[in-house]
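Trainee: Just passing along the structure, written as structure tokens.
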Amino acid sequence: MAFGAEGDGEVQALDGTGGPRRVPDLAAEIRELERTEGPRWVWESTARDYPRLLAAGVRVARCHDVELTEGLLLARDGVFGGPRSAAAVLARRRGVEPPADRPREDQPSLFGGAPPTPLADVVAAWRVQDERLGALRLLAAAESAGGLAAAEMSHDGVPWRADAHDALLTELIGPRPAPGMRPRLLQNLADSISAAFGSHVNPDSPQQLLKAFAQVGHPVSSTRRWELRKVDHPAVPHVLEYKELARLYTAHGWSWLDAWVRDGRFRPEYVVGGVVSGRWASNGGGALQIPKVLRRAVVADEGWSLVVADAAQLEPRVLAALAGDGAFTEAAAQGDLYAALADAFPETPGGPSRRDKAKIALLSAMYGGGTGEAVALLAVLRARFPAAFDYVEEAARAGERGASVSSLLGRVSPSGTAEYRELITTAEGRRAALSRGRFTRNFVVQATAAEWALALLALLRLRLRDRRAHLVFYQHDEVIVHTPDDEVEEVRAAVAEAAGEATELLFGRTPVVFPLHTSVVASYADAK
DNA sequence: ACTGGGGGCGCC
DNA sequence: AAAGGGCGCCCCCAGT
């Protein structure tokens, strides 16, 4: 049964047995109904309202999130970035222009504040969506579950040792500087760079760097790392080191620590479905770009552990399951897919190993690479694994002509605009077409991989419901569970079972396996 | 003083 | 080894 909860403290059973009821304490009411009925809650926005429930100590198992669902339905109709509120859903149904979504701070809330969305509107919007879902039903449920998991992870936070973070920064770039100053070791590097060039150069300025390299007889077309690495000049090692450490300082230095870590927890804000492919994005805090070196600051509480699990070779396995290529699927039934493919590729003395060749060929096929040596490797892939090759090739062709493509569960990519279709008839349009082809080629794999990972997350979340262990981090193909030591084995098992269940849910009975690398560690830095 | 594009790099 | 896909965030710098 579904229950609507919205407005100024109202709930309603959605099986036709009764109208809306106003309740004095909505959080308490939801807690009780969750216990006795276990419904799928229908509400407008998990991101907006669930944090308040969590703060009140209430968690729910399932929901239908009107806004997330509308995002999926709109994409199916070729609309991206349109308003997704209940009011927008109802306006579209009536054939009138939907109102823009209100800015977050003006939005109504389950708990007062701005004028609430009427429960009747949310219920009506749900009915509209429920009728329209069709093949998107499973994805909408998964996306909504993702919304719950995201809010819960933000609420619980990643255990983060500010002292370890500070010590690491001090070791790498020197102690925290006075405002406006560079940390000592960064300043030393900047000085070395100027000394090597024989003139003052600000390494934060790509333009100054370009000019400086030109003046010392080493013109470069950009100051990218791989470009500079080719240059033989004494400034280069200092520049490369400066870039690496300066990035750590600006993006994850002390101001980041001040802004994002409190009471031993890093609480990022996830944006569920924030990427067209269905991957999540994050809003502030850079939750999905934490530098590896900082993993040392992620440390389980005393008496607790981190269970870190990441899916191995997820994307090529997804391609295997999607394409159903006999020989390729057989390789994907093995623990090391690339090794299982290696035999198909020729040995060349002094060149990459056969396993590396298999990997290069696969990555090129999935990302749209294929220059230089990869050309020959792609030809091998095409000859030996035609169905897998054709699967991504067909997606690329569709993209090039401006069509959209879909993931397994029905997430739809943006299609080419009218301008795009015009453009590709011209000679200059070829570049744009190739670029779009690379995008759609990757979309079918990346979006389906995101669905597998989302299913894993959702199913694992349900398995952990009655435990003290809880999910604290999720990043594309990886989850971290913070667990009391005495639940470690149960959590390990839960992760493995959830992965199996996710595979079955998406692909049914497939020979393809989706192995997880699972580590139980005190610090994230020790995983793998 | 603010804004927005570009360059560059962190993660997958 | 380099080069393809997806992001967010920071800096610089030129435009207002």
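As shown in the structure tokens, the chain order sets the letters A, B, ...; within each chain, residues go from 1, and ligands are also counted from 1 in the order they appear.
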Do you know which residues are at most 8 Å from stretch 439-442 of chain A counting only C-alpha atoms (C1' of nucleotides), after dropping those on the same chain fewer than 4 positions away, and could you put them as a ChimeraX atom specification?
Mentor: /A:366-368,392-396,398-399,404-405,413,435,446 /C:5
Trainee: Show me, as a VMD selection string, every residue of chain B with an atom at most 9 Å from chain A, counting only C-alpha atoms (C1' of nucleotides).
Mentor: chain B and resid 7 to 12
Trainee: Write the residues of the preceding selection, restricted to N, CA, C and O atoms (P, O5', C5', C4', C3', O3' and C1' of nucleotides), as a CSV table (one decimal), in the first residue's frame.
Mentor:
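Saved to part-v5.csv:
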```
chain,number,residue,atom,x,y,z
B,7,DG,P,41.0,26.5,-23.1
B,7,DG,O5',41.9,26.2,-21.8
B,7,DG,C5',42.7,27.2,-21.3
B,7,DG,C4',43.3,26.7,-20.0
B,7,DG,C3',43.9,25.3,-20.1
B,7,DG,O3',45.2,25.3,-19.5
B,7,DG,C1',42.4,25.4,-18.3
B,8,DG,P,46.1,24.0,-19.7
B,8,DG,O5',45.8,23.2,-18.4
B,8,DG,C5',46.1,23.7,-17.1
B,8,DG,C4',45.5,22.9,-16.0
B,8,DG,C3',45.7,21.3,-16.2
B,8,DG,O3',46.6,20.9,-15.3
B,8,DG,C1',43.5,21.9,-15.4
B,9,DC,P,47.0,19.3,-15.2
B,9,DC,O5',46.0,18.8,-14.1
B,9,DC,C5',46.1,19.4,-12.8
B,9,DC,C4',45.0,18.7,-11.9
B,9,DC,C3',45.1,17.2,-12.0
B,9,DC,O3',44.9,16.7,-10.7
B,9,DC,C1',42.9,18.0,-12.5
B,10,DG,P,45.5,15.3,-10.3
B,10,DG,O5',44.3,14.6,-9.5
B,10,DG,C5',44.1,15.0,-8.2
B,10,DG,C4',42.7,14.8,-7.8
B,10,DG,C3',42.1,13.4,-8.2
B,10,DG,O3',42.4,12.4,-7.2
B,10,DG,C1',40.6,15.1,-8.8
B,11,DC,P,42.5,10.9,-7.6
B,11,DC,O5',41.0,10.5,-7.8
B,11,DC,C5',40.2,10.4,-6.7
B,11,DC,C4',38.7,10.2,-7.1
B,11,DC,C3',38.5,9.0,-8.0
B,11,DC,O3',38.4,7.8,-7.2
B,11,DC,C1',37.3,10.8,-8.9
B,12,DC,P,38.7,6.4,-7.9
B,12,DC,O5',37.4,6.2,-8.8
B,12,DC,C5',36.2,5.9,-8.3
B,12,DC,C4',35.1,5.8,-9.4
B,12,DC,C3',35.5,4.8,-10.5
B,12,DC,O3',35.0,3.5,-10.1
B,12,DC,C1',34.8,6.8,-11.5
```
Trainee: Determine which residues of stretch 324-395 of chain A DSSP labels as alpha helix (DSSP H) from the backbone of this structure, then write them out as a PyMOL selection string.
Mentor: chain A and resi 326-332+337-341+354-367+374-384+386-395
Trainee: Tell me, in Å to one decimal, how far atom CA of A:Thr483 is from atom CA of A:Gly273.
Mentor: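 Computed distance, atom CA of A:Thr483 to atom CA of A:Gly273, equals 26.8 Å.
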Trainee: Skipping near chain neighbours, those fewer than 3 positions away, what residues fall within 7 Å of stretch 87-98 of chain A using only C-alpha atoms (C1' of nucleotides), listed as an MDAnalysis selection string?
Mentor: chainID A and resid 83:84 121 125
Trainee: Mind listing the strand (DSSP E or B) residues of stretch 47-288 of chain A, per DSSP on the backbone, as a VMD selection string?
Mentor: chain A and resid 62 to 65 108 114 158 to 160 261 to 262 265 to 266 270 to 271 281 to 282
Trainee: Give me, as a list in words, the contact residues of chain C against chain A at a cut-off of 6 Å, counting only C-alpha atoms (C1' of nucleotides).
Mentor: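 The selection requested is DA3, DG4, DG5 and DC12 of chain C.
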Trainee: Write the selection just made, keeping C-alpha atoms (C1' of nucleotides), as a PDB file, in the first residue's frame?
Mentor:
```pdb
ATOM      1  C1'  DA C   3      43.300   8.586 -25.616  1.00  0.00           C
ATOM      2  C1'  DG C   4      38.327   8.062 -25.734  1.00  0.00           C
ATOM      3  C1'  DG C   5      33.128   8.765 -21.744  1.00  0.00           C
ATOM      4  C1'  DC C  12      43.110  32.810 -13.680  1.00  0.00           C
TER       5       DC C  12
END
```
Trainee: What is the atom CA of A:Arg40-atom CA of A:Val23 distance in Å, reported with one decimal?
Mentor: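 That distance, rounded to one decimal, is 18.7 Å.
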Trainee: Using only C-alpha atoms (C1' of nucleotides), which protein or nucleic acid residues come within 9 Å of A:Gly416? Drop anything in the same chain fewer than 2 positions from it, and give the result as number ranges by chain.
Mentor: A: 399-404, 414, 418-421, 436
